[in-house]
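Here's the structure, in structure tokens; my notes come after.
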Amino acid sequence: MNNIFQWHYVKRWCFERTRDALIPKWRDGLAIRGVSETVVGVLGGGQLVGSFDDGDTVREFAKRCGVLTVEIEHVDAVTLEKLELLGVDCQPKASTIRIIQDKYLQKVHFSQHGIPLTDFMEIDNLAHVKKAGELFGYPLMIKSKRLAYDGRGNAVAHTKEELPSVCDWSTMESMVEDGDTMLCHAGKMSGHYQDIYTVKLKSSSHIVPCWAMIVVHEMYSLGGFDHGLYVERWMPFVKELAVIVARARDKSLSCFPVVETIHKDNICHIVEAPASVPDKIKRLCVDIAKKTVRLLEGAGVFAVELFLTKDGQVLLNEVAPRPHNSGHHTIESCYTSQYEQHLRAILGLPLGDPSMKIPAAIMYNILGEDEGEAGFYLAHQLIGKALNIPGASVHWYDKPEMRKLRKMGHITIVGPSKNIVNTRLDSLLERKTPGSH
Ligand code: ATP
Ligand code: MG
Ligand code: MG
């Protein structure tokens, strides 16, 4: 079932991340105590379930909701637009979600406004992709325009000969010929969406409006990529960097420190904060990230993923209009977490201090190593070890099903230096520190 509204007691996203981020601070005497009650109140709150297409539900939703935000960009942008027409205050704006959720449209939008990015081109059939291969060379990155996450939606052709096997071109072409939606299953693309929920937090406070969040309850093994493909020139980056930019309702911007993201099989695996790159590169990253976010509408936090090349160029990879994996470390390492910052931004509160309160942090995603019980066992072993590591905080998402490479939780280790947090992670993972025997 797709397109569901649901007010429910709380999604783990809100509970673990938002509640943890908000309550301690606001209990500690910041003037916004009502908000913590709001969040706690949600634990026992009711829920409303209905379809995006059901006018009554939408109107009911609109009545109850002060500010609407999303935790993922793969929501129905047309419905968001309708909600905006009904007077619902969507932050960021539906227009932003519409652009971001189509990675090709995103690239067109940003390139038209002078943001540096790798060459890209829309493809409809095997002949097109061969042409792209001639233009861009190999390896060639083939991406789904929509519903992509954690690298599911990307396929790499290393040679021209591999092209026929990375995508089911015949399906794609026949659908195009039929004048129907394109249907393409690229190599790794498989699976589907589950329900889309909307979380409504009832405000017991007069200070801030209540707010709601659209969340995708369970999104796994995405597939049936029926919205077309495009290709990108392969980017031989030396590092991947990311900047989380917060934009307040008055359009002022505030950036979290530049981090380095390290991927495993296209999935974010480790995040180092701050990134070990020269200040000049950090300034360039922040500059590009701010320019990028200025090209989108609405308040909230935006994660800007970047590539750093050998010759010191910084190019945009993509943007997420929401709190992001590259910002999980902020819960422990920054004065304001990305979640709190997102809420401050959408609710029209002053933005918090995004700087780090500790010299270094490293975030390690707990990715499923095996299916089912065996995978749970390995993850729990790791968590057990983490409890003995100084400065380590464990976040377990309590997802009901364990699958290989699924993000099941994360561990953030903070400490007095990059070396120390790296050594602590080495000891957690029982890795040899370079140079040791
Ligand atoms: P996310 O989970 O961040 O939303 P996604 O599924 O949207 O990921 P991308 O960010 O497009 O996927 O790509 C995932 C990873 O694949 C990147 O972080 C990078 O490591 C690699 N990658 C993406 N585009 C390219 C490219 N053009 N050349 C080389 N590597 C690339
Ligand atoms: Mg993405
Ligand atoms: Mg990405």
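Residues are named by chain letter and number: chains run A, B, ... in the order of the structure tokens, numbers start at 1 in each chain, and ligands are numbered from 1 in the order shown.
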
Legend entry - Selection as a list of chain:residue names: residues within 7 Å of ligand 2 by only C-alpha atoms and all ligand atoms: A:Ala148, A:Tyr149, A:Asp150, A:Glu318, A:Ala320

Keeping only C-alpha atoms, write the selected residues to a file as a PDB file, in the first residue's frame.
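Result file follows (again-v6.pdb):
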ATOM      1  CA  ALA A 148      17.155   5.606  -5.462  1.00  0.00           C
ATOM      2  CA  TYR A 149      18.857   5.287  -2.112  1.00  0.00           C
ATOM      3  CA  ASP A 150      21.934   3.627  -0.648  1.00  0.00           C
ATOM      4  CA  GLU A 318      23.455  15.078  -5.015  1.00  0.00           C
ATOM      5  CA  ALA A 320      19.010  15.290   0.280  1.00  0.00           C
TER       6      ALA A 320
END

Inset, instruction - Identify, counting only C-alpha atoms and all ligand atoms, the protein, DNA and RNA residues located within 12 Å of ligand 3, and give them as a ChimeraX atom specification. - result: /A:100-101,103,143,147-154,240-242,261-263,265-269,303-307,316-321,324-326

Mind dumping the selected residues with C-alpha atoms as a PDB file, in the first residue's frame?
ATOM      1  CA  ILE A 100      15.280  16.400  -5.583  1.00  0.00           C
ATOM      2  CA  GLN A 101      13.301  13.186  -5.941  1.00  0.00           C
ATOM      3  CA  LYS A 103      18.010  12.807  -9.683  1.00  0.00           C
ATOM      4  CA  LYS A 143      21.439   5.676 -12.412  1.00  0.00           C
ATOM      5  CA  LEU A 147      13.434   6.057  -5.855  1.00  0.00           C
ATOM      6  CA  ALA A 148      17.155   5.606  -5.462  1.00  0.00           C
ATOM      7  CA  TYR A 149      18.857   5.287  -2.112  1.00  0.00           C
ATOM      8  CA  ASP A 150      21.934   3.627  -0.648  1.00  0.00           C
ATOM      9  CA  GLY A 151      23.255   2.980  -4.128  1.00  0.00           C
ATOM     10  CA  ARG A 152      20.213   0.866  -4.994  1.00  0.00           C
ATOM     11  CA  GLY A 153      19.437   2.455  -8.280  1.00  0.00           C
ATOM     12  CA  ASN A 154      23.039   2.707  -9.468  1.00  0.00           C
ATOM     13  CA  GLU A 240      33.680  12.103  -0.889  1.00  0.00           C
ATOM     14  CA  LEU A 241      32.715  15.027   1.316  1.00  0.00           C
ATOM     15  CA  ALA A 242      29.399  16.285   2.621  1.00  0.00           C
ATOM     16  CA  THR A 261      31.940   9.983   3.843  1.00  0.00           C
ATOM     17  CA  ILE A 262      33.389   6.591   3.031  1.00  0.00           C
ATOM     18  CA  HIS A 263      31.181   4.229   1.063  1.00  0.00           C
ATOM     19  CA  ASP A 265      29.245  -0.903  -2.242  1.00  0.00           C
ATOM     20  CA  ASN A 266      27.786   2.580  -2.852  1.00  0.00           C
ATOM     21  CA  ILE A 267      26.409   2.674   0.716  1.00  0.00           C
ATOM     22  CA  CYS A 268      27.577   5.210   3.225  1.00  0.00           C
ATOM     23  CA  HIS A 269      29.601   3.221   5.764  1.00  0.00           C
ATOM     24  CA  ALA A 303      22.689  17.405   2.971  1.00  0.00           C
ATOM     25  CA  VAL A 304      24.957  18.252   0.068  1.00  0.00           C
ATOM     26  CA  GLU A 305      27.071  15.317  -1.131  1.00  0.00           C
ATOM     27  CA  LEU A 306      30.277  16.315  -2.911  1.00  0.00           C
ATOM     28  CA  PHE A 307      33.189  14.763  -4.799  1.00  0.00           C
ATOM     29  CA  LEU A 316      28.189  18.214  -6.504  1.00  0.00           C
ATOM     30  CA  ASN A 317      26.985  14.612  -6.359  1.00  0.00           C
ATOM     31  CA  GLU A 318      23.455  15.078  -5.015  1.00  0.00           C
ATOM     32  CA  VAL A 319      21.328  16.758  -2.365  1.00  0.00           C
ATOM     33  CA  ALA A 320      19.010  15.290   0.280  1.00  0.00           C
ATOM     34  CA  PRO A 321      16.382  17.764   1.563  1.00  0.00           C
ATOM     35  CA  HIS A 324      21.071  12.691   6.481  1.00  0.00           C
ATOM     36  CA  ASN A 325      23.353   9.838   7.339  1.00  0.00           C
ATOM     37  CA  SER A 326      26.379  12.125   6.988  1.00  0.00           C
TER      38      SER A 326
END

Residue neighbourhood A:Gln106, 12 Å, only C-alpha atoms, exclusion window fewer than 4 positions, as a tab-separated table (two decimals) with N, CA and C atoms, in the first residue's frame:
chain	number	residue	atom	x	y	z
A	95	SER	N	8.10	22.12	-4.15
A	95	SER	CA	8.91	22.29	-5.37
A	95	SER	C	10.30	21.68	-5.16
A	96	THR	N	10.81	21.80	-3.95
A	96	THR	CA	12.13	21.24	-3.64
A	96	THR	C	12.09	19.72	-3.71
A	97	ILE	N	11.05	19.16	-3.11
A	97	ILE	CA	10.93	17.70	-3.12
A	97	ILE	C	10.80	17.19	-4.55
A	98	ARG	N	10.03	17.93	-5.35
A	98	ARG	CA	9.83	17.51	-6.74
A	98	ARG	C	11.15	17.48	-7.51
A	99	ILE	N	11.98	18.48	-7.28
A	99	ILE	CA	13.27	18.52	-8.00
A	99	ILE	C	14.20	17.42	-7.48
A	100	ILE	N	14.29	17.32	-6.16
A	100	ILE	CA	15.28	16.40	-5.58
A	100	ILE	C	14.94	14.94	-5.86
A	101	GLN	N	13.65	14.61	-5.86
A	101	GLN	CA	13.30	13.19	-5.94
A	101	GLN	C	13.58	12.61	-7.33
A	102	ASP	N	13.82	13.47	-8.29
A	102	ASP	CA	14.22	13.01	-9.62
A	102	ASP	C	15.69	13.43	-9.80
A	110	PHE	N	20.54	22.04	-11.16
A	110	PHE	CA	21.76	22.62	-10.60
A	110	PHE	C	22.75	23.02	-11.69
A	111	SER	N	22.85	22.22	-12.76
A	111	SER	CA	23.81	22.57	-13.80
A	111	SER	C	23.38	23.85	-14.51
A	112	GLN	N	22.06	24.01	-14.67
A	112	GLN	CA	21.58	25.25	-15.32
A	112	GLN	C	21.95	26.49	-14.50
A	113	HIS	N	22.15	26.29	-13.21
A	113	HIS	CA	22.49	27.42	-12.35
A	113	HIS	C	23.97	27.45	-11.99
A	115	ILE	N	26.18	25.15	-10.93
A	115	ILE	CA	26.82	24.32	-9.89
A	115	ILE	C	27.69	23.28	-10.60
A	117	LEU	N	29.19	19.97	-11.65
A	117	LEU	CA	28.91	18.54	-11.47
A	117	LEU	C	29.41	17.75	-12.67
A	120	PHE	N	26.38	14.42	-17.51
A	120	PHE	CA	25.29	13.45	-17.38
A	120	PHE	C	24.40	13.53	-18.61
A	145	LYS	N	16.52	7.50	-12.19
A	145	LYS	CA	16.18	8.90	-11.88
A	145	LYS	C	15.49	9.01	-10.53
A	146	ARG	N	14.70	8.01	-10.21
A	146	ARG	CA	13.85	8.11	-9.01
A	146	ARG	C	14.02	6.93	-8.07
A	230	TYR	N	19.31	7.64	-16.29
A	230	TYR	CA	20.25	8.56	-16.93
A	230	TYR	C	21.65	8.05	-16.63
A	292	THR	N	24.21	25.78	-3.71
A	292	THR	CA	23.28	24.72	-4.11
A	292	THR	C	21.96	24.86	-3.36
A	293	VAL	N	22.05	25.05	-2.06
A	293	VAL	CA	20.82	25.11	-1.25
A	293	VAL	C	20.01	26.37	-1.58
A	295	LEU	N	19.41	27.37	-4.32
A	295	LEU	CA	18.61	27.09	-5.52
A	295	LEU	C	17.37	26.24	-5.21
A	296	LEU	N	17.14	26.00	-3.92
A	296	LEU	CA	15.96	25.23	-3.51
A	296	LEU	C	15.11	26.10	-2.58
A	316	LEU	N	29.38	18.69	-7.19
A	316	LEU	CA	28.19	18.21	-6.50
A	316	LEU	C	27.87	16.78	-6.94
A	317	ASN	N	27.55	15.91	-5.99
A	317	ASN	CA	26.98	14.61	-6.36
A	317	ASN	C	25.46	14.73	-6.31
A	318	GLU	N	24.91	14.93	-5.12
A	318	GLU	CA	23.45	15.08	-5.02
A	318	GLU	C	23.10	15.75	-3.70
A	319	VAL	N	21.81	16.08	-3.57
A	319	VAL	CA	21.33	16.76	-2.37
A	319	VAL	C	20.20	15.93	-1.75
A	320	ALA	N	20.16	15.88	-0.43
A	320	ALA	CA	19.01	15.29	0.28
A	320	ALA	C	18.36	16.41	1.08
A	321	PRO	N	17.04	16.61	0.92
A	321	PRO	CA	16.38	17.76	1.56
A	321	PRO	C	15.88	17.43	2.95

What lies within 9 Å of A:Gly352 using only C-alpha atoms, ignoring chain neighbours under 4 positions off, as a PDB file with C-alpha atoms, in the first residue's frame?
ATOM      1  CA  SER A 254      24.165  27.815   8.689  1.00  0.00           C
ATOM      2  CA  TYR A 335      26.145  21.669  20.057  1.00  0.00           C
ATOM      3  CA  THR A 336      23.010  21.264  17.979  1.00  0.00           C
ATOM      4  CA  SER A 337      22.172  18.000  16.243  1.00  0.00           C
ATOM      5  CA  GLU A 340      17.152  19.642  16.345  1.00  0.00           C
ATOM      6  CA  GLN A 341      18.405  22.026  13.676  1.00  0.00           C
ATOM      7  CA  ARG A 344      14.339  24.742  14.650  1.00  0.00           C
TER       8      ARG A 344
END

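Closest to A:Gln338 among A:Cys255, A:Lys357, A:Met121, A:Thr309 is A:Cys255, based on only C-alpha atoms.
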
Every residue of stretch 232-406 of chain A that DSSP places in strand (DSSP E or B), as a PDB file with N, CA and C atoms, in the first residue's frame:
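Written file, out.pdb:
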ATOM      1  N   GLU A 232      25.888   9.019 -15.858  1.00  0.00           N
ATOM      2  CA  GLU A 232      26.850  10.042 -15.423  1.00  0.00           C
ATOM      3  C   GLU A 232      28.252   9.611 -15.832  1.00  0.00           C
ATOM      4  N   ARG A 233      29.051  10.596 -16.157  1.00  0.00           N
ATOM      5  CA  ARG A 233      30.467  10.305 -16.387  1.00  0.00           C
ATOM      6  C   ARG A 233      31.065   9.816 -15.070  1.00  0.00           C
ATOM      7  N   LYS A 239      38.178  11.822  -2.602  1.00  0.00           N
ATOM      8  CA  LYS A 239      37.396  11.723  -1.367  1.00  0.00           C
ATOM      9  C   LYS A 239      35.960  12.096  -1.690  1.00  0.00           C
ATOM     10  N   GLU A 240      35.049  11.600  -0.853  1.00  0.00           N
ATOM     11  CA  GLU A 240      33.680  12.103  -0.889  1.00  0.00           C
ATOM     12  C   GLU A 240      33.472  12.928   0.380  1.00  0.00           C
ATOM     13  N   LEU A 241      32.923  14.111   0.196  1.00  0.00           N
ATOM     14  CA  LEU A 241      32.715  15.027   1.316  1.00  0.00           C
ATOM     15  C   LEU A 241      31.231  15.383   1.379  1.00  0.00           C
ATOM     16  N   ALA A 242      30.802  15.866   2.522  1.00  0.00           N
ATOM     17  CA  ALA A 242      29.399  16.285   2.621  1.00  0.00           C
ATOM     18  C   ALA A 242      29.279  17.459   3.580  1.00  0.00           C
ATOM     19  N   VAL A 243      28.322  18.320   3.274  1.00  0.00           N
ATOM     20  CA  VAL A 243      28.039  19.469   4.147  1.00  0.00           C
ATOM     21  C   VAL A 243      26.540  19.489   4.407  1.00  0.00           C
ATOM     22  N   ILE A 244      26.173  19.597   5.672  1.00  0.00           N
ATOM     23  CA  ILE A 244      24.757  19.778   5.986  1.00  0.00           C
ATOM     24  C   ILE A 244      24.509  21.262   6.193  1.00  0.00           C
ATOM     25  N   VAL A 245      23.629  21.777   5.364  1.00  0.00           N
ATOM     26  CA  VAL A 245      23.305  23.204   5.412  1.00  0.00           C
ATOM     27  C   VAL A 245      21.903  23.334   6.003  1.00  0.00           C
ATOM     28  N   ALA A 246      21.775  24.189   6.990  1.00  0.00           N
ATOM     29  CA  ALA A 246      20.434  24.466   7.523  1.00  0.00           C
ATOM     30  C   ALA A 246      19.982  25.811   6.985  1.00  0.00           C
ATOM     31  N   ARG A 247      18.717  25.854   6.574  1.00  0.00           N
ATOM     32  CA  ARG A 247      18.180  27.152   6.156  1.00  0.00           C
ATOM     33  C   ARG A 247      16.975  27.486   7.015  1.00  0.00           C
ATOM     34  N   LEU A 253      21.466  30.978   6.265  1.00  0.00           N
ATOM     35  CA  LEU A 253      22.044  29.638   6.168  1.00  0.00           C
ATOM     36  C   LEU A 253      23.069  29.412   7.270  1.00  0.00           C
ATOM     37  N   SER A 254      23.174  28.163   7.685  1.00  0.00           N
ATOM     38  CA  SER A 254      24.165  27.815   8.689  1.00  0.00           C
ATOM     39  C   SER A 254      24.652  26.404   8.369  1.00  0.00           C
ATOM     40  N   CYS A 255      25.976  26.215   8.365  1.00  0.00           N
ATOM     41  CA  CYS A 255      26.514  24.919   7.924  1.00  0.00           C
ATOM     42  C   CYS A 255      27.147  24.133   9.063  1.00  0.00           C
ATOM     43  N   VAL A 259      32.327  17.020   6.381  1.00  0.00           N
ATOM     44  CA  VAL A 259      32.726  15.671   6.798  1.00  0.00           C
ATOM     45  C   VAL A 259      33.173  14.870   5.582  1.00  0.00           C
ATOM     46  N   GLU A 260      33.900  13.793   5.865  1.00  0.00           N
ATOM     47  CA  GLU A 260      34.235  12.850   4.793  1.00  0.00           C
ATOM     48  C   GLU A 260      33.329  11.631   4.927  1.00  0.00           C
ATOM     49  N   THR A 261      32.763  11.200   3.814  1.00  0.00           N
ATOM     50  CA  THR A 261      31.940   9.983   3.843  1.00  0.00           C
ATOM     51  C   THR A 261      32.678   8.886   3.088  1.00  0.00           C
ATOM     52  N   ILE A 262      32.697   7.719   3.671  1.00  0.00           N
ATOM     53  CA  ILE A 262      33.389   6.591   3.031  1.00  0.00           C
ATOM     54  C   ILE A 262      32.334   5.528   2.740  1.00  0.00           C
ATOM     55  N   HIS A 263      32.249   5.136   1.489  1.00  0.00           N
ATOM     56  CA  HIS A 263      31.181   4.229   1.063  1.00  0.00           C
ATOM     57  C   HIS A 263      31.676   2.799   0.896  1.00  0.00           C
ATOM     58  N   LYS A 264      30.756   1.876   1.098  1.00  0.00           N
ATOM     59  CA  LYS A 264      31.045   0.462   0.833  1.00  0.00           C
ATOM     60  C   LYS A 264      29.926  -0.002  -0.100  1.00  0.00           C
ATOM     61  N   ILE A 267      27.186   2.340  -0.484  1.00  0.00           N
ATOM     62  CA  ILE A 267      26.409   2.674   0.716  1.00  0.00           C
ATOM     63  C   ILE A 267      27.324   3.403   1.692  1.00  0.00           C
ATOM     64  N   CYS A 268      26.797   4.476   2.237  1.00  0.00           N
ATOM     65  CA  CYS A 268      27.577   5.210   3.225  1.00  0.00           C
ATOM     66  C   CYS A 268      27.914   4.259   4.384  1.00  0.00           C
ATOM     67  N   HIS A 269      29.189   4.184   4.742  1.00  0.00           N
ATOM     68  CA  HIS A 269      29.601   3.221   5.764  1.00  0.00           C
ATOM     69  C   HIS A 269      30.234   3.923   6.962  1.00  0.00           C
ATOM     70  N   ILE A 270      31.137   4.873   6.655  1.00  0.00           N
ATOM     71  CA  ILE A 270      31.838   5.574   7.731  1.00  0.00           C
ATOM     72  C   ILE A 270      31.796   7.074   7.438  1.00  0.00           C
ATOM     73  N   VAL A 271      31.608   7.860   8.484  1.00  0.00           N
ATOM     74  CA  VAL A 271      31.668   9.322   8.323  1.00  0.00           C
ATOM     75  C   VAL A 271      32.673   9.863   9.321  1.00  0.00           C
ATOM     76  N   GLU A 272      33.621  10.632   8.803  1.00  0.00           N
ATOM     77  CA  GLU A 272      34.631  11.238   9.679  1.00  0.00           C
ATOM     78  C   GLU A 272      34.362  12.729   9.799  1.00  0.00           C
ATOM     79  N   ALA A 273      34.287  13.189  11.031  1.00  0.00           N
ATOM     80  CA  ALA A 273      34.034  14.616  11.253  1.00  0.00           C
ATOM     81  C   ALA A 273      35.081  15.184  12.205  1.00  0.00           C
ATOM     82  N   GLY A 300      14.727  24.061   6.508  1.00  0.00           N
ATOM     83  CA  GLY A 300      15.078  22.703   6.930  1.00  0.00           C
ATOM     84  C   GLY A 300      16.558  22.468   6.777  1.00  0.00           C
ATOM     85  N   VAL A 301      16.979  21.229   6.987  1.00  0.00           N
ATOM     86  CA  VAL A 301      18.378  20.924   6.708  1.00  0.00           C
ATOM     87  C   VAL A 301      18.471  20.187   5.373  1.00  0.00           C
ATOM     88  N   PHE A 302      19.578  20.431   4.701  1.00  0.00           N
ATOM     89  CA  PHE A 302      19.827  19.859   3.373  1.00  0.00           C
ATOM     90  C   PHE A 302      21.234  19.270   3.399  1.00  0.00           C
ATOM     91  N   ALA A 303      21.350  18.004   3.026  1.00  0.00           N
ATOM     92  CA  ALA A 303      22.689  17.405   2.971  1.00  0.00           C
ATOM     93  C   ALA A 303      23.202  17.513   1.543  1.00  0.00           C
ATOM     94  N   VAL A 304      24.382  18.075   1.396  1.00  0.00           N
ATOM     95  CA  VAL A 304      24.957  18.252   0.068  1.00  0.00           C
ATOM     96  C   VAL A 304      26.146  17.304  -0.056  1.00  0.00           C
ATOM     97  N   GLU A 305      26.016  16.318  -0.936  1.00  0.00           N
ATOM     98  CA  GLU A 305      27.071  15.317  -1.131  1.00  0.00           C
ATOM     99  C   GLU A 305      27.994  15.795  -2.245  1.00  0.00           C
ATOM    100  N   LEU A 306      29.299  15.730  -1.989  1.00  0.00           N
ATOM    101  CA  LEU A 306      30.277  16.315  -2.911  1.00  0.00           C
ATOM    102  C   LEU A 306      31.389  15.326  -3.247  1.00  0.00           C
ATOM    103  N   PHE A 307      31.989  15.518  -4.415  1.00  0.00           N
ATOM    104  CA  PHE A 307      33.189  14.763  -4.799  1.00  0.00           C
ATOM    105  C   PHE A 307      34.372  15.718  -4.783  1.00  0.00           C
ATOM    106  N   LEU A 308      35.497  15.268  -4.230  1.00  0.00           N
ATOM    107  CA  LEU A 308      36.748  16.038  -4.308  1.00  0.00           C
ATOM    108  C   LEU A 308      37.662  15.331  -5.303  1.00  0.00           C
ATOM    109  N   VAL A 314      35.886  20.640  -6.505  1.00  0.00           N
ATOM    110  CA  VAL A 314      34.781  20.061  -5.743  1.00  0.00           C
ATOM    111  C   VAL A 314      33.547  20.079  -6.641  1.00  0.00           C
ATOM    112  N   LEU A 315      32.923  18.917  -6.788  1.00  0.00           N
ATOM    113  CA  LEU A 315      31.725  18.812  -7.634  1.00  0.00           C
ATOM    114  C   LEU A 315      30.564  18.276  -6.812  1.00  0.00           C
ATOM    115  N   LEU A 316      29.384  18.694  -7.194  1.00  0.00           N
ATOM    116  CA  LEU A 316      28.189  18.214  -6.504  1.00  0.00           C
ATOM    117  C   LEU A 316      27.866  16.782  -6.940  1.00  0.00           C
ATOM    118  N   ASN A 317      27.553  15.910  -5.994  1.00  0.00           N
ATOM    119  CA  ASN A 317      26.985  14.612  -6.359  1.00  0.00           C
ATOM    120  C   ASN A 317      25.462  14.732  -6.314  1.00  0.00           C
ATOM    121  N   GLU A 318      24.909  14.933  -5.117  1.00  0.00           N
ATOM    122  CA  GLU A 318      23.455  15.078  -5.015  1.00  0.00           C
ATOM    123  C   GLU A 318      23.098  15.752  -3.697  1.00  0.00           C
ATOM    124  N   VAL A 319      21.813  16.081  -3.567  1.00  0.00           N
ATOM    125  CA  VAL A 319      21.328  16.758  -2.365  1.00  0.00           C
ATOM    126  C   VAL A 319      20.199  15.932  -1.751  1.00  0.00           C
ATOM    127  N   ALA A 320      20.158  15.884  -0.427  1.00  0.00           N
ATOM    128  CA  ALA A 320      19.010  15.290   0.280  1.00  0.00           C
ATOM    129  C   ALA A 320      18.358  16.413   1.077  1.00  0.00           C
ATOM    130  N   CYS A 334      28.033  17.678  18.046  1.00  0.00           N
ATOM    131  CA  CYS A 334      27.815  19.114  17.818  1.00  0.00           C
ATOM    132  C   CYS A 334      26.906  19.713  18.892  1.00  0.00           C
ATOM    133  N   MET A 356      31.243  21.787  16.295  1.00  0.00           N
ATOM    134  CA  MET A 356      31.532  20.586  17.078  1.00  0.00           C
ATOM    135  C   MET A 356      31.961  20.971  18.481  1.00  0.00           C
ATOM    136  N   ALA A 360      36.823  15.502  17.546  1.00  0.00           N
ATOM    137  CA  ALA A 360      36.683  14.525  16.460  1.00  0.00           C
ATOM    138  C   ALA A 360      35.567  13.539  16.725  1.00  0.00           C
ATOM    139  N   ALA A 361      34.967  13.097  15.628  1.00  0.00           N
ATOM    140  CA  ALA A 361      33.931  12.061  15.723  1.00  0.00           C
ATOM    141  C   ALA A 361      34.048  11.152  14.511  1.00  0.00           C
ATOM    142  N   ILE A 362      33.701   9.895  14.749  1.00  0.00           N
ATOM    143  CA  ILE A 362      33.629   8.968  13.610  1.00  0.00           C
ATOM    144  C   ILE A 362      32.340   8.169  13.750  1.00  0.00           C
ATOM    145  N   MET A 363      31.586   8.100  12.668  1.00  0.00           N
ATOM    146  CA  MET A 363      30.320   7.372  12.700  1.00  0.00           C
ATOM    147  C   MET A 363      30.450   6.137  11.833  1.00  0.00           C
ATOM    148  N   TYR A 364      30.032   5.028  12.387  1.00  0.00           N
ATOM    149  CA  TYR A 364      30.131   3.742  11.683  1.00  0.00           C
ATOM    150  C   TYR A 364      28.728   3.174  11.525  1.00  0.00           C
ATOM    151  N   ASN A 365      28.300   2.987  10.293  1.00  0.00           N
ATOM    152  CA  ASN A 365      26.977   2.389  10.065  1.00  0.00           C
ATOM    153  C   ASN A 365      27.027   0.886  10.305  1.00  0.00           C
ATOM    154  N   ILE A 366      26.095   0.390  11.083  1.00  0.00           N
ATOM    155  CA  ILE A 366      26.001  -1.060  11.259  1.00  0.00           C
ATOM    156  C   ILE A 366      25.189  -1.587  10.081  1.00  0.00           C
ATOM    157  N   LEU A 367      25.878  -2.161   9.111  1.00  0.00           N
ATOM    158  CA  LEU A 367      25.210  -2.714   7.929  1.00  0.00           C
ATOM    159  C   LEU A 367      25.029  -4.205   8.140  1.00  0.00           C
ATOM    160  N   ALA A 392      31.890   5.946  22.773  1.00  0.00           N
ATOM    161  CA  ALA A 392      31.022   5.343  21.739  1.00  0.00           C
ATOM    162  C   ALA A 392      29.560   5.398  22.166  1.00  0.00           C
ATOM    163  N   SER A 393      28.691   5.779  21.230  1.00  0.00           N
ATOM    164  CA  SER A 393      27.236   5.737  21.468  1.00  0.00           C
ATOM    165  C   SER A 393      26.612   4.857  20.411  1.00  0.00           C
ATOM    166  N   VAL A 394      25.751   3.961  20.873  1.00  0.00           N
ATOM    167  CA  VAL A 394      25.127   3.012  19.944  1.00  0.00           C
ATOM    168  C   VAL A 394      23.707   3.478  19.621  1.00  0.00           C
ATOM    169  N   HIS A 395      23.358   3.444  18.367  1.00  0.00           N
ATOM    170  CA  HIS A 395      21.982   3.725  17.933  1.00  0.00           C
ATOM    171  C   HIS A 395      21.497   2.507  17.164  1.00  0.00           C
ATOM    172  N   TRP A 396      20.541   1.822  17.707  1.00  0.00           N
ATOM    173  CA  TRP A 396      20.008   0.611  17.071  1.00  0.00           C
ATOM    174  C   TRP A 396      18.598   0.931  16.610  1.00  0.00           C
TER     175      TRP A 396
END

Hey, what's within 12 Å of A:Leu429 if we count only C-alpha atoms and toss same-chain stuff fewer than 4 positions away? As a PDB file with C-alpha atoms, in the first residue's frame, please?
ATOM      1  CA  TYR A 364      30.131   3.742  11.683  1.00  0.00           C
ATOM      2  CA  ASN A 365      26.977   2.389  10.065  1.00  0.00           C
ATOM      3  CA  ILE A 366      26.001  -1.060  11.259  1.00  0.00           C
ATOM      4  CA  LEU A 378      26.860 -10.404  14.446  1.00  0.00           C
ATOM      5  CA  ALA A 379      25.354  -6.937  14.936  1.00  0.00           C
ATOM      6  CA  GLN A 381      28.227  -8.821  19.088  1.00  0.00           C
ATOM      7  CA  LEU A 382      29.454  -5.537  17.672  1.00  0.00           C
ATOM      8  CA  ILE A 383      27.142  -3.509  19.891  1.00  0.00           C
ATOM      9  CA  GLY A 384      28.379  -5.447  22.904  1.00  0.00           C
ATOM     10  CA  LYS A 385      31.937  -4.491  22.049  1.00  0.00           C
ATOM     11  CA  ALA A 386      30.983  -0.865  21.421  1.00  0.00           C
ATOM     12  CA  ILE A 389      34.707   1.685  23.811  1.00  0.00           C
ATOM     13  CA  ILE A 411      27.786   3.806  16.306  1.00  0.00           C
ATOM     14  CA  ASN A 422      40.163   6.141  14.532  1.00  0.00           C
ATOM     15  CA  THR A 423      42.084   3.904  16.910  1.00  0.00           C
ATOM     16  CA  ARG A 424      38.938   3.328  18.932  1.00  0.00           C
ATOM     17  CA  LEU A 425      37.062   2.325  15.793  1.00  0.00           C
ATOM     18  CA  THR A 433      45.912   0.330  12.805  1.00  0.00           C
TER      19      THR A 433
END

Inset, instruction - Please return as a ChimeraX atom specification: the residues of stretch 242-358 of chain A that backbone DSSP assigns to alpha helix (DSSP H). - result: /A:279-294,330-333,338-347

Inset, instruction - Give the answer as one residue: which of A:Ala289, A:Ile358, A:Met402, A:Val231 has the shortest atom-to-atom distance to ligand 1, using only C-alpha atoms and all ligand atoms? - result: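 Under the stated criterion, the closest residue is A:Val231.
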
Inset, instruction - Rank nothing, just name the residue among A:Val108, A:Ile142, A:Leu85, A:Val75 nearest to ligand 1, using only C-alpha atoms and all ligand atoms. - result: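 Smallest separation from ligand 1 among the options: A:Ile142.
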
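Between ligand 1 and the residues A:Lys131, A:Arg283, A:His74, A:His380, the shortest atom-to-atom distance, using only C-alpha atoms and all ligand atoms, involves A:His74.
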
Quick one: residues within 9 Å of A:Glu401, only C-alpha atoms, excluding same-chain residues fewer than 4 positions away - as a PDB file with C-alpha atoms, in the first residue's frame?
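This is the output file out.pdb:
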ATOM      1  CA  GLU A 371      20.431 -12.374   6.595  1.00  0.00           C
ATOM      2  CA  GLY A 372      18.146 -13.125   9.534  1.00  0.00           C
ATOM      3  CA  PHE A 376      21.376 -10.058  14.225  1.00  0.00           C
ATOM      4  CA  MET A 408      20.476  -1.510  11.019  1.00  0.00           C
TER       5      MET A 408
END
